[in-house]
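> The structure file run-v2.pdb (PDB, C-alpha atoms) is provided below.
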```pdb
ATOM      1  CA  MET U   1      17.425 -18.980-116.044
ATOM      2  CA  PRO U   2      20.516 -16.758-116.378
ATOM      3  CA  PRO U   3      21.439 -14.583-113.383
ATOM      4  CA  LEU U   4      20.210 -10.980-113.459
ATOM      5  CA  LEU U   5      23.618  -9.621-112.515
ATOM      6  CA  GLY U   6      27.090 -10.879-113.280
ATOM      7  CA  ASP U   7      29.287 -12.154-110.431
ATOM      8  CA  GLN U   8      31.356  -8.966-110.354
ATOM      9  CA  ALA U   9      28.284  -6.738-110.244
ATOM     10  CA  GLU U  10      26.782  -8.839-107.441
ATOM     11  CA  THR U  11      30.021  -8.632-105.428
ATOM     12  CA  THR U  12      30.139  -4.856-105.926
ATOM     13  CA  LEU U  13      26.510  -4.569-104.834
ATOM     14  CA  GLN U  14      27.258  -6.634-101.721
ATOM     15  CA  HIS U  15      30.199  -4.360-100.865
ATOM     16  CA  VAL U  16      28.080  -1.230-101.350
ATOM     17  CA  VAL U  17      25.272  -2.637 -99.198
ATOM     18  CA  SER U  18      27.774  -3.705 -96.513
ATOM     19  CA  LEU U  19      29.176  -0.151 -96.411
ATOM     20  CA  LEU U  20      25.651   1.260 -96.172
ATOM     21  CA  VAL U  21      24.873  -1.151 -93.320
ATOM     22  CA  ILE U  22      27.969   0.039 -91.421
ATOM     23  CA  PHE U  23      27.067   3.678 -92.015
ATOM     24  CA  VAL U  24      23.432   3.304 -90.955
ATOM     25  CA  GLU U  25      24.338   1.152 -87.919
ATOM     26  CA  ALA U  26      26.927   3.764 -86.862
ATOM     27  CA  ALA U  27      24.320   6.523 -87.223
ATOM     28  CA  GLY U  28      21.944   4.565 -84.973
ATOM     29  CA  ALA U  29      24.671   3.974 -82.381
ATOM     30  CA  PHE U  30      25.648   7.673 -82.499
ATOM     31  CA  VAL U  31      22.048   8.748 -81.834
ATOM     32  CA  ILE U  32      21.761   6.327 -78.891
ATOM     33  CA  VAL U  33      25.046   7.523 -77.341
ATOM     34  CA  VAL U  34      24.067  11.189 -77.751
ATOM     35  CA  GLY U  35      20.691  10.436 -76.134
ATOM     36  CA  ALA U  36      22.326   8.644 -73.183
ATOM     37  CA  VAL U  37      24.787  11.498 -72.587
ATOM     38  CA  TRP U  38      22.091  14.177 -72.949
ATOM     39  CA  ALA U  39      19.806  12.279 -70.549
ATOM     40  CA  PHE U  40      22.611  11.859 -67.984
ATOM     41  CA  VAL U  41      23.343  15.602 -68.086
ATOM     42  CA  GLY U  42      19.608  16.281 -67.726
ATOM     43  CA  PHE U  43      19.326  13.962 -64.690
ATOM     44  CA  VAL U  44      22.321  15.616 -63.026
ATOM     45  CA  ARG U  45      20.849  19.092 -63.619
ATOM     46  CA  VAL U  46      17.521  18.086 -62.059
ATOM     47  CA  LEU U  47      19.332  16.498 -59.092
ATOM     48  CA  VAL U  48      21.540  19.543 -58.542
ATOM     49  CA  ALA U  49      18.472  21.817 -58.738
ATOM     50  CA  ARG U  50      16.831  19.470 -56.136
ATOM     51  CA  GLY U  51      13.859  19.060 -58.444
ATOM     52  CA  ASN U  52      10.928  16.813 -57.606
ATOM     53  CA  ALA U  53      10.252  13.431 -59.228
ATOM     54  CA  GLU U  54       8.024  14.967 -61.918
ATOM     55  CA  MET U  55      10.959  16.978 -63.274
ATOM     56  CA  PHE U  56      12.669  13.742 -64.303
ATOM     57  CA  VAL U  57       9.790  12.849 -66.642
ATOM     58  CA  PRO U  58      10.747  15.219 -69.517
ATOM     59  CA  VAL U  59      14.345  13.917 -69.349
ATOM     60  CA  ARG U  60      13.169  10.299 -69.563
ATOM     61  CA  LEU U  61      10.842  11.261 -72.433
ATOM     62  CA  LEU U  62      13.824  12.784 -74.233
ATOM     63  CA  LEU U  63      15.889   9.623 -73.727
ATOM     64  CA  GLY U  64      12.970   7.557 -75.013
ATOM     65  CA  ARG U  65      12.769   9.705 -78.169
ATOM     66  CA  PHE U  66      16.508   9.326 -78.792
ATOM     67  CA  LEU U  67      16.269   5.533 -78.323
ATOM     68  CA  THR U  68      13.302   5.409 -80.715
ATOM     69  CA  LEU U  69      15.221   7.368 -83.351
ATOM     70  CA  GLY U  70      18.321   5.194 -82.905
ATOM     71  CA  LEU U  71      16.128   2.118 -83.248
ATOM     72  CA  GLU U  72      14.732   3.397 -86.560
ATOM     73  CA  PHE U  73      18.301   3.559 -87.943
ATOM     74  CA  GLN U  74      19.129   0.113 -86.596
ATOM     75  CA  LEU U  75      15.947  -1.376 -88.067
ATOM     76  CA  ALA U  76      16.908   0.149 -91.419
ATOM     77  CA  SER U  77      20.330  -1.535 -91.170
ATOM     78  CA  ASP U  78      18.593  -4.841 -90.358
ATOM     79  CA  VAL U  79      16.501  -4.516 -93.515
ATOM     80  CA  LEU U  80      19.628  -3.720 -95.579
ATOM     81  CA  ARG U  81      21.434  -6.734 -94.094
ATOM     82  CA  THR U  82      18.752  -9.084 -95.438
ATOM     83  CA  ALA U  83      20.029  -8.157 -98.901
ATOM     84  CA  VAL U  84      23.465  -9.652 -98.156
ATOM     85  CA  SER U  85      22.700 -12.405 -95.633
ATOM     86  CA  PRO U  86      23.912 -15.671 -97.133
ATOM     87  CA  SER U  87      22.862 -18.276 -94.532
ATOM     88  CA  PHE U  88      19.744 -19.273 -92.602
ATOM     89  CA  GLU U  89      21.573 -18.642 -89.311
ATOM     90  CA  GLU U  90      22.262 -15.048 -90.366
ATOM     91  CA  LEU U  91      18.635 -14.638 -91.388
ATOM     92  CA  GLY U  92      17.514 -16.127 -88.069
ATOM     93  CA  LYS U  93      19.707 -13.654 -86.159
ATOM     94  CA  LEU U  94      18.364 -10.778 -88.218
ATOM     95  CA  ALA U  95      14.777 -11.864 -87.550
ATOM     96  CA  ALA U  96      15.445 -12.055 -83.792
ATOM     97  CA  VAL U  97      17.178  -8.652 -83.726
ATOM     98  CA  ALA U  98      14.463  -7.012 -85.833
ATOM     99  CA  THR U  99      11.769  -8.480 -83.524
ATOM    100  CA  ILE U 100      13.483  -7.116 -80.392
ATOM    101  CA  ARG U 101      14.003  -3.707 -81.932
ATOM    102  CA  THR U 102      10.443  -3.494 -83.281
ATOM    103  CA  ALA U 103       8.956  -4.533 -79.929
ATOM    104  CA  LEU U 104      11.089  -1.990 -78.060
ATOM    105  CA  ASN U 105      10.157   0.712 -80.551
ATOM    106  CA  TYR U 106       6.461  -0.097 -80.005
ATOM    107  CA  PHE U 107       6.757   0.013 -76.190
ATOM    108  CA  LEU U 108       8.798   3.247 -76.182
ATOM    109  CA  THR U 109       6.379   4.987 -78.580
ATOM    110  CA  ARG U 110       3.446   3.961 -76.414
ATOM    111  CA  GLU U 111       5.167   5.170 -73.223
ATOM    112  CA  ILE U 112       6.105   8.503 -74.791
ATOM    113  CA  ALA U 113       2.510   9.032 -75.980
ATOM    114  CA  GLU U 114       1.155   8.116 -72.527
ATOM    115  CA  GLU U 115       3.587  10.462 -70.722
ATOM    116  CA  ARG U 116       2.744  13.299 -73.150
ATOM    117  CA  ARG U 117      -0.971  12.745 -72.520
ATOM    118  CA  GLN U 118      -0.437  12.838 -68.741
ATOM    119  CA  VAL U 119       1.725  15.972 -68.955
ATOM    120  CA  ALA U 120      -0.921  17.681 -71.146
ATOM    121  CA  GLU U 121      -3.697  16.678 -68.714
ATOM    122  CA  ALA U 122      -1.708  17.960 -65.734
ATOM    123  CA  ARG U 123      -1.024  21.222 -67.548
ATOM    124  CA  ALA U 124      -4.720  21.615 -68.468
ATOM    125  CA  ALA U 125      -5.765  20.888 -64.873
ATOM    126  CA  GLY U 126      -3.250  23.464 -63.612
ATOM    127  CA  GLU U 127      -4.567  26.060 -66.073
ATOM    128  CA  GLN U 128      -8.157  25.390 -65.007
ATOM    129  CA  ALA U 129      -7.216  25.696 -61.339
ATOM    130  CA  ARG U 130      -5.419  29.006 -62.017
ATOM    131  CA  GLN U 131      -8.402  30.349 -63.971
ATOM    132  CA  GLY U 132     -10.778  29.251 -61.226
ATOM    133  CA  THR U 133      -8.667  31.011 -58.589
ATOM    134  CA  ALA U 134      -8.479  34.202 -60.678
ATOM    135  CA  GLN U 135     -12.250  34.134 -61.235
ATOM    136  CA  GLN U 136     -12.911  33.683 -57.514
ATOM    137  CA  ALA U 137     -10.575  36.578 -56.699
ATOM    138  CA  GLY U 138     -12.463  38.731 -59.229
ATOM    139  CA  ASP U 139     -15.863  37.735 -57.803
ATOM    140  CA  THR U 140     -14.940  38.593 -54.212
ATOM    141  CA  ARG U 141     -13.855  42.166 -55.090
TER     142      ARG U 141
ATOM    143  CA  MET T   1      34.329  -0.004 -84.596
ATOM    144  CA  THR T   2      33.248  -3.152 -82.738
ATOM    145  CA  ALA T   3      35.651  -2.507 -79.845
ATOM    146  CA  SER T   4      34.549   1.153 -79.654
ATOM    147  CA  LEU T   5      30.881   0.147 -79.512
ATOM    148  CA  HIS T   6      31.594  -2.401 -76.756
ATOM    149  CA  LEU T   7      33.418   0.301 -74.781
ATOM    150  CA  LEU T   8      30.581   2.777 -75.333
ATOM    151  CA  ALA T   9      28.048   0.153 -74.229
ATOM    152  CA  ALA T  10      30.010  -0.418 -71.004
ATOM    153  CA  LEU T  11      30.247   3.351 -70.401
ATOM    154  CA  VAL T  12      26.501   3.837 -70.963
ATOM    155  CA  ALA T  13      25.721   0.989 -68.542
ATOM    156  CA  LEU T  14      28.038   2.538 -65.945
ATOM    157  CA  THR T  15      26.413   5.934 -66.540
ATOM    158  CA  GLY T  16      23.033   4.330 -65.925
ATOM    159  CA  LEU T  17      24.213   2.862 -62.625
ATOM    160  CA  VAL T  18      25.657   6.187 -61.449
ATOM    161  CA  ALA T  19      22.515   8.086 -62.499
ATOM    162  CA  ALA T  20      20.221   5.541 -60.809
ATOM    163  CA  LEU T  21      22.149   5.594 -57.527
ATOM    164  CA  SER T  22      22.250   9.404 -57.543
ATOM    165  CA  ILE T  23      18.500   9.607 -58.200
ATOM    166  CA  LEU T  24      17.801   7.033 -55.485
ATOM    167  CA  VAL T  25      19.850   8.991 -52.938
ATOM    168  CA  GLY T  26      18.387  12.326 -54.075
ATOM    169  CA  THR T  27      14.713  11.415 -54.359
ATOM    170  CA  ARG T  28      14.423   8.077 -52.445
ATOM    171  CA  ARG T  29      12.182   6.891 -55.290
ATOM    172  CA  VAL T  30      13.003   3.296 -56.200
ATOM    173  CA  ASP T  31      10.657   3.264 -59.204
ATOM    174  CA  LEU T  32      12.240   6.370 -60.690
ATOM    175  CA  SER T  33      15.859   5.255 -60.187
ATOM    176  CA  LEU T  34      15.144   1.731 -61.426
ATOM    177  CA  GLY T  35      13.333   3.116 -64.487
ATOM    178  CA  VAL T  36      16.313   5.335 -65.356
ATOM    179  CA  PHE T  37      18.752   2.452 -64.789
ATOM    180  CA  LEU T  38      16.780   0.110 -67.041
ATOM    181  CA  ASP T  39      16.397   2.754 -69.775
ATOM    182  CA  LEU T  40      20.161   3.261 -69.939
ATOM    183  CA  LEU T  41      20.775  -0.512 -69.727
ATOM    184  CA  VAL T  42      18.532  -0.898 -72.776
ATOM    185  CA  ALA T  43      20.604   1.748 -74.562
ATOM    186  CA  ALA T  44      23.771  -0.204 -73.655
ATOM    187  CA  GLY T  45      22.180  -3.440 -74.871
ATOM    188  CA  LEU T  46      21.303  -1.851 -78.218
ATOM    189  CA  LEU T  47      24.877  -0.612 -78.613
ATOM    190  CA  ARG T  48      26.216  -4.092 -77.856
ATOM    191  CA  LEU T  49      23.825  -5.478 -80.460
ATOM    192  CA  ALA T  50      25.095  -2.964 -83.007
ATOM    193  CA  ALA T  51      28.678  -4.034 -82.213
ATOM    194  CA  ALA T  52      28.123  -7.720 -82.909
ATOM    195  CA  SER T  53      24.977  -9.679 -83.619
ATOM    196  CA  THR T  54      25.980 -12.805 -81.694
ATOM    197  CA  TRP T  55      23.319 -14.983 -80.099
ATOM    198  CA  THR T  56      24.603 -13.920 -76.654
ATOM    199  CA  ALA T  57      24.131 -10.237 -77.477
ATOM    200  CA  ILE T  58      20.692 -10.917 -78.988
ATOM    201  CA  ILE T  59      19.495 -12.906 -75.965
ATOM    202  CA  GLY T  60      20.976 -10.294 -73.612
ATOM    203  CA  ALA T  61      19.221  -7.419 -75.385
ATOM    204  CA  GLY T  62      15.938  -9.353 -75.476
ATOM    205  CA  ALA T  63      16.213 -10.191 -71.779
ATOM    206  CA  ILE T  64      16.851  -6.580 -70.732
ATOM    207  CA  VAL T  65      13.922  -5.336 -72.843
ATOM    208  CA  LEU T  66      11.647  -7.986 -71.297
ATOM    209  CA  ILE T  67      12.840  -7.197 -67.748
ATOM    210  CA  ARG T  68      12.318  -3.470 -68.357
ATOM    211  CA  GLN T  69       8.745  -4.025 -69.530
ATOM    212  CA  LEU T  70       7.970  -6.347 -66.593
ATOM    213  CA  VAL T  71       9.370  -3.868 -64.061
ATOM    214  CA  MET T  72       7.481  -0.922 -65.656
ATOM    215  CA  TRP T  73       4.277  -2.960 -65.645
ATOM    216  CA  ALA T  74       4.846  -3.969 -61.995
ATOM    217  CA  PHE T  75       5.406  -0.344 -60.949
ATOM    218  CA  ARG T  76       2.313   0.798 -62.858
ATOM    219  CA  ARG T  77       0.272  -1.738 -60.919
ATOM    220  CA  GLY T  78       2.284  -1.062 -57.769
ATOM    221  CA  GLY T  79      -0.002   1.753 -56.593
ATOM    222  CA  ARG T  80      -2.822  -0.752 -56.126
ATOM    223  CA  ALA T  81      -0.601  -3.637 -55.006
ATOM    224  CA  VAL T  82       1.398  -1.723 -52.378
ATOM    225  CA  GLY T  83      -1.790  -0.428 -50.769
ATOM    226  CA  GLY T  84      -3.108  -4.009 -50.704
ATOM    227  CA  TRP T  85       0.097  -5.433 -49.218
ATOM    228  CA  ARG T  86       0.325  -2.700 -46.585
ATOM    229  CA  SER T  87      -3.264  -3.263 -45.505
ATOM    230  CA  LEU T  88      -2.615  -7.012 -45.401
ATOM    231  CA  LEU T  89       0.504  -6.530 -43.288
ATOM    232  CA  SER T  90      -1.273  -4.211 -40.884
ATOM    233  CA  ARG T  91      -3.851  -6.927 -40.209
ATOM    234  CA  HIS T  92      -1.240  -9.703 -39.776
ATOM    235  CA  PRO T  93      -0.892 -10.901 -36.111
ATOM    236  CA  TRP T  94       2.920 -10.596 -36.286
ATOM    237  CA  THR T  95       2.768  -6.923 -37.242
ATOM    238  CA  GLU T  96      -0.136  -5.806 -35.100
ATOM    239  CA  SER T  97       1.107  -3.871 -32.092
ATOM    240  CA  THR T  98       0.376  -5.402 -28.745
ATOM    241  CA  PRO T  99      -1.737  -3.261 -26.367
TER     242      PRO T  99
END
```
What would you get if you wrote out this structure as structure tokens?

Amino acid sequence: MPPLLGDQAETTLQHVVSLLVIFVEAAGAFVIVVGAVWAFVGFVRVLVARGNAEMFVPVRLLLGRFLTLGLEFQLASDVLRTAVSPSFEELGKLAAVATIRTALNYFLTREIAEERRQVAEARAAGEQARQGTAQQAGDTR
Amino acid sequence: MTASLHLLAALVALTGLVAALSILVGTRRVDLSLGVFLDLLVAAGLLRLAAASTWTAIIGAGAIVLIRQLVMWAFRRGGRAVGGWRSLLSRHPWTESTP
């Protein structure tokens, strides 16, 4: 069966895909670095303000969201790389990297959802306590 | 780009260590400081993986992700475990105070 593309077209396609892989990988790395810097600044601000342990939670949630976003870019670059991977070893490496990134993405998403649920529950409990106190103050008058 | 990513990975890991030590000194919460340290180590591992997909980098990133999950799981269970260990220690003859 004749090849779908000529040799020159296939080489050009490989070059284009390689450039896309570099661009997408760089975007993922940029997001991760920005998240790390932003989180570090957030931690320092909470420490300087002598905040309690709960004030670190939103900063960690933010870092988790940045890591998740960076991972999405890096997973996309892994998928693109499968288009130009010539050997089984390269494919094996890609499979291992994609597995690690997918697992981490799953764990981070679950942790973010759990932290959000706990923050929402704490906020709701605080609101209920405030309303109860206000109602009691109104009743005693 | 590879050298820049390696340098960034090292800087992020160092940032994680500084942040963790500062949080430990400021809050005296081991779970919080260790969690922050591991989060930033994971970020550094991902950057190293982006720099070069060698088997060493892949195994390193996988190991740090696994360690992070194990530590988070241990701390989540720690509320029950610490209470159990403390009560065990308080009943141990070596730790019971002599009258």
> Which residue gives the smallest distance to chain U among T:Ala61, T:Ile67, T:Leu38, T:Val30, with all atoms listed in the file counted?
T:Ala61
> Taking the file as shown, what set of residues would the PyMOL selection byres ((chain U and resi 104) around 10) give back, as a list in words?
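In the shown coordinates, the PyMOL selection byres ((chain U and resi 104) around 10) covers Leu67, Thr68, Leu71, Ala98, Thr99, Ile100, Arg101, Thr102, Ala103, Asn105, Tyr106, Phe107, Leu108, Thr109 and Arg110 of chain U; Val42, Gly62, Val65, Leu66, Arg68 and Gln69 of chain T.
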> To test your reading of the syntax: which residues would the PyMOL selection byres ((chain T) within 9 of (chain U)) return for the file shown? Reply as number ranges by chain.
T: 1, 5, 8-9, 12, 15-16, 19, 22-23, 26-27, 29, 32, 35-36, 39-40, 42-44, 46-47, 49-51, 53-55, 58-59, 61-62, 65, 69
> With 5 Å on each side, where is the centre of the axis-aligned box around all listed atoms of region 61-69 of chain U, and how long are its edges in Å to one decimal, as AutoDock Vina command-line options?

```
--center_x 13.7 --center_y 9.1 --center_z -77.9 --size_x 15.7 --size_y 17.4 --size_z 20.9
```
> Using the chain letters and residue numbers of this document, give as a PDB file with C-alpha atoms, in the frame of the given file the residues selected by the PyMOL selection byres ((chain U and resi 81) around 8).

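File produced: selection.pdb:
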```
ATOM      1  CA  VAL U  17      25.272  -2.637 -99.198  1.00  0.00           C
ATOM      2  CA  SER U  18      27.774  -3.705 -96.513  1.00  0.00           C
ATOM      3  CA  VAL U  21      24.873  -1.151 -93.320  1.00  0.00           C
ATOM      4  CA  SER U  77      20.330  -1.535 -91.170  1.00  0.00           C
ATOM      5  CA  ASP U  78      18.593  -4.841 -90.358  1.00  0.00           C
ATOM      6  CA  VAL U  79      16.501  -4.516 -93.515  1.00  0.00           C
ATOM      7  CA  LEU U  80      19.628  -3.720 -95.579  1.00  0.00           C
ATOM      8  CA  THR U  82      18.752  -9.084 -95.438  1.00  0.00           C
ATOM      9  CA  ALA U  83      20.029  -8.157 -98.901  1.00  0.00           C
ATOM     10  CA  VAL U  84      23.465  -9.652 -98.156  1.00  0.00           C
ATOM     11  CA  SER U  85      22.700 -12.405 -95.633  1.00  0.00           C
ATOM     12  CA  LEU U  94      18.364 -10.778 -88.218  1.00  0.00           C
TER      13      LEU U  94
END
```
> Between CA of Phe75 (chain T) and CA of Gly126 (chain U), what is the spacing in Å?
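Atom-to-atom, CA of Gly126 (chain U) and CA of Phe75 (chain T) are spaced 25.5 Å apart.
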> What is the CA of Phe88 (chain U)-CA of Ala27 (chain U) distance in Å, reported with one decimal?
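So the two atoms, CA of Phe88 (chain U) and CA of Ala27 (chain U), lie 26.7 Å apart.
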